[in-house]
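Colleague: Below is a structure I'd like to ask you about.
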Amino acid sequence: MRFIALDTPKPLSTIGLGTWQFGSREWGYGPDFAQRAAQIVRRAVELGVTVFDTAEIYGFGRSERILGAALGDDRAKVVVASKIFPVLPVAAVVQQRAVASAARLGVTSIDLYQVHQPNPLVADHTTMRGMRALQDVGLVGEVGVSNYGLRRWQVAEAALGRRVLSNQVRYSMLDRAPEQDLLPYARQAGRVVIAYSPLAQGFLSGRYDAKNPPSGAVRRANPYFLPENLERGAVLIDTLRQVADAHDATPSQIALAYLLHHPNVLAIPGASGVEQMERNAAAADIDLADDEYAALAEAAKRFRPVTGLAAMPRMLRTRFAGPTGK
């Protein structure tokens with residue numbers, strides 16, 4: 001395992017574990033997933049993973065409970081990260097919700113506490129006043145944000161009066177907008193971009209194609225998995241496979257290595273089983289040659305999926321099609 005070269009109380013592994021799926025029925029997992037989740041978490045710790053990310057909204061608190069129980073005595077050794085869902089995120093509410101999350105996690109301090117989404121109606125100065133109070137009493141270690149643009153990230157930091165260590169954003173070979181401004185800022189300022197959906201919800205794994213689309217409510221709602229987009233992505237997947245073959249790796253591992261090629265990036269893929277966790281962790285040790293990275297970047301640039309309003313009619317047809325797709 002490799003770590004981000006930053007001055008933090010606990011080391012930040014470049015591969016973490018995202019736990020949205022823990023206790024979340026929308027992923028096809030329910031409360032009975034807790035035993036498998038514990039196995040995944042224990043193996044992650046053994047492999048040197050130090051960052052475990054959850055949120056109060058994941059499974060409406062179930063993810064936090066499952067993660068806390070799975071970590072057990074290892075909670076003090078790793079970076080436990082959670083997020084407040086920003087409904088009326090004024091200072092008093094921020095403090096109250098942090099206490100609730102810490103109780104569910106079974107910790108006396110949340111190592112990284114993040115604002116899950118920017119609130120368009122509540123300014124960051126009141127939210128960060130609550131975060132600063134939590135830091136002052138030791139209930140929160142580092143403060144982070146999620147889904148923030150660069151300007152608002154900087155405004156949040158000014159409001160906190162201390163570093164806002166991280167910004168957790170959608171970042172993968174299909175979603176490369178963070179490369180324009182967030183990644184350069186993180187490198188220059190000594191901050192971290194946490195990449196969620198780093199495998200584009202499995203699109204980059206190569207498991208799916210137009211004849212073998214995914215099941216599950218979350219992926220069916222993602223326009224990337226439209227048959228047309230799966231066909232358009234064939235060249236990108238083929239490039240991933242070619243690079244993977246050169247490293248005796250999988251396309252997913254190469255897609256993660258692409259992100260980690262950038263300093264100050266921490267990827268948090270999920271895992272449905274121990275073997276997947278092992279493969280994800282191993283990606284941290286893959287070094288891409290410059291020509292391999294360039295080939296991957298070019299293939300990603302050429303992938304032009306149907307998204308936004310143009311995808312809506314196709315999404316509806318796919319959703320309501322019969323068993324034969326007609």
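We label chains A, B, ... in the order they appear in the structure tokens, count residues from 1 in each chain, and number ligands from 1 in the order shown.
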If DSSP is run on the backbone, what residues of stretch 35-95 of chain A are strand (DSSP E)? A reply as a PyMOL selection string would be ideal.

Modeller: chain A and resi 51-53+79-84

Colleague: Selected residues, N, CA and C atoms, written as a PDB file, in the first residue's frame, please.

Modeller:
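Writing done, so here's result_4.pdb:
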```pdb
ATOM      1  N   VAL A  51      -8.093   4.365   5.181  1.00  0.00           N
ATOM      2  CA  VAL A  51      -9.197   5.319   5.046  1.00  0.00           C
ATOM      3  C   VAL A  51     -10.497   4.566   4.772  1.00  0.00           C
ATOM      4  N   PHE A  52     -11.489   4.776   5.634  1.00  0.00           N
ATOM      5  CA  PHE A  52     -12.793   4.116   5.528  1.00  0.00           C
ATOM      6  C   PHE A  52     -13.858   5.200   5.532  1.00  0.00           C
ATOM      7  N   ASP A  53     -14.570   5.309   4.418  1.00  0.00           N
ATOM      8  CA  ASP A  53     -15.487   6.428   4.212  1.00  0.00           C
ATOM      9  C   ASP A  53     -16.936   5.975   4.269  1.00  0.00           C
ATOM     10  N   VAL A  79      -8.279   5.954   9.624  1.00  0.00           N
ATOM     11  CA  VAL A  79      -8.988   7.213   9.416  1.00  0.00           C
ATOM     12  C   VAL A  79     -10.452   6.888   9.144  1.00  0.00           C
ATOM     13  N   VAL A  80     -11.295   7.191  10.103  1.00  0.00           N
ATOM     14  CA  VAL A  80     -12.735   6.987   9.961  1.00  0.00           C
ATOM     15  C   VAL A  80     -13.333   8.294   9.455  1.00  0.00           C
ATOM     16  N   ALA A  81     -13.920   8.242   8.277  1.00  0.00           N
ATOM     17  CA  ALA A  81     -14.472   9.443   7.649  1.00  0.00           C
ATOM     18  C   ALA A  81     -15.978   9.296   7.487  1.00  0.00           C
ATOM     19  N   SER A  82     -16.716  10.335   7.837  1.00  0.00           N
ATOM     20  CA  SER A  82     -18.154  10.323   7.605  1.00  0.00           C
ATOM     21  C   SER A  82     -18.575  11.676   7.057  1.00  0.00           C
ATOM     22  N   LYS A  83     -19.852  11.777   6.722  1.00  0.00           N
ATOM     23  CA  LYS A  83     -20.355  12.987   6.082  1.00  0.00           C
ATOM     24  C   LYS A  83     -21.713  13.362   6.661  1.00  0.00           C
ATOM     25  N   ILE A  84     -21.921  14.659   6.827  1.00  0.00           N
ATOM     26  CA  ILE A  84     -23.218  15.171   7.245  1.00  0.00           C
ATOM     27  C   ILE A  84     -24.039  15.487   6.005  1.00  0.00           C
TER      28      ILE A  84
END
```

Colleague: Excluding stretch 140-151 of chain A and residues on its chain fewer than 4 positions from it, collect all residues at most 9 Å away from it, counting only C-alpha atoms, and give them as a PyMOL selection string.

Modeller: chain A and resi 8-9+83+98+108-118+128+131-136+155-156+160+162-170+178+181-182+185+194

Colleague: Which polymer residues have any atom within 8 Å of an atom of stretch 291-299 of chain A, counting only C-alpha atoms, with same-chain residues fewer than 2 positions away left out, as an mmCIF file with N, CA, C and O atoms, in the first residue's frame?

Modeller:
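Result file follows (result04.cif):
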```cif
data_model
loop_
_atom_site.group_PDB
_atom_site.id
_atom_site.type_symbol
_atom_site.label_atom_id
_atom_site.label_comp_id
_atom_site.auth_asym_id
_atom_site.auth_seq_id
_atom_site.Cartn_x
_atom_site.Cartn_y
_atom_site.Cartn_z
ATOM 1 N N MET A 173 -12.075 7.799 -14.961
ATOM 2 C CA MET A 173 -11.678 8.029 -16.349
ATOM 3 C C MET A 173 -12.832 8.561 -17.190
ATOM 4 O O MET A 173 -12.605 9.130 -18.266
ATOM 5 N N VAL A 235 -13.914 0.741 -27.075
ATOM 6 C CA VAL A 235 -12.511 1.069 -27.363
ATOM 7 C C VAL A 235 -11.770 1.398 -26.071
ATOM 8 O O VAL A 235 -10.620 0.976 -25.869
ATOM 9 N N LEU A 236 -12.405 2.135 -25.184
ATOM 10 C CA LEU A 236 -11.788 2.463 -23.903
ATOM 11 C C LEU A 236 -11.525 1.207 -23.091
ATOM 12 O O LEU A 236 -10.433 1.033 -22.524
ATOM 13 N N THR A 239 -8.592 -0.645 -24.453
ATOM 14 C CA THR A 239 -7.321 -0.034 -24.067
ATOM 15 C C THR A 239 -6.962 -0.392 -22.636
ATOM 16 O O THR A 239 -5.795 -0.701 -22.325
ATOM 17 N N LEU A 240 -7.945 -0.366 -21.752
ATOM 18 C CA LEU A 240 -7.705 -0.775 -20.366
ATOM 19 C C LEU A 240 -7.202 -2.212 -20.303
ATOM 20 O O LEU A 240 -6.273 -2.529 -19.550
ATOM 21 N N VAL A 243 -3.466 -2.471 -21.445
ATOM 22 C CA VAL A 243 -2.536 -2.032 -20.400
ATOM 23 C C VAL A 243 -2.548 -3.019 -19.239
ATOM 24 O O VAL A 243 -1.496 -3.336 -18.664
ATOM 25 N N TYR A 258 -4.763 4.770 -12.981
ATOM 26 C CA TYR A 258 -4.839 6.021 -13.746
ATOM 27 C C TYR A 258 -5.083 7.196 -12.800
ATOM 28 O O TYR A 258 -4.446 8.250 -12.911
ATOM 29 N N LEU A 288 2.108 3.173 -13.798
ATOM 30 C CA LEU A 288 1.879 3.279 -15.231
ATOM 31 C C LEU A 288 3.029 4.029 -15.891
ATOM 32 O O LEU A 288 3.473 5.073 -15.397
ATOM 33 N N ALA A 289 3.497 3.492 -17.007
ATOM 34 C CA ALA A 289 4.485 4.220 -17.803
ATOM 35 C C ALA A 289 3.805 5.429 -18.442
ATOM 36 O O ALA A 289 2.579 5.469 -18.614
ATOM 37 N N LYS A 301 -10.614 10.363 -23.467
ATOM 38 C CA LYS A 301 -11.051 11.609 -24.107
ATOM 39 C C LYS A 301 -11.957 11.331 -25.300
ATOM 40 O O LYS A 301 -12.903 12.084 -25.569
ATOM 41 N N ARG A 302 -11.685 10.248 -26.006
ATOM 42 C CA ARG A 302 -12.464 9.933 -27.204
ATOM 43 C C ARG A 302 -13.817 9.318 -26.891
ATOM 44 O O ARG A 302 -14.688 9.270 -27.767
ATOM 45 N N PHE A 303 -14.000 8.842 -25.668
ATOM 46 C CA PHE A 303 -15.292 8.260 -25.301
ATOM 47 C C PHE A 303 -16.301 9.389 -25.120
ATOM 48 O O PHE A 303 -16.143 10.241 -24.246
#
```

Colleague: List the spatial neighbours of A:Asn212 as a ChimeraX atom specification - criterion: any atom at most 10 Å away, only C-alpha atoms, same-chain residues fewer than 5 positions off excluded.

Modeller: /A:207,227,230

Colleague: At most 6 Å is the cut-off: for each residue in stretch 105-195 of chain A with any atom that close to an atom of stretch 259-279 of chain A, write down the nearest atom pair and the distance in Å rounded to one decimal, counting only C-alpha atoms, chain first then increasing number, as CSV.

Modeller:
```
residue,atom,partner,partner_atom,distance
A:Arg187,CA,A:Asn264,CA,6.0
A:Val192,CA,A:Asn264,CA,5.0
A:Val193,CA,A:Val265,CA,5.0
A:Ile194,CA,A:Leu266,CA,4.8
A:Ala195,CA,A:Ala267,CA,4.6
```
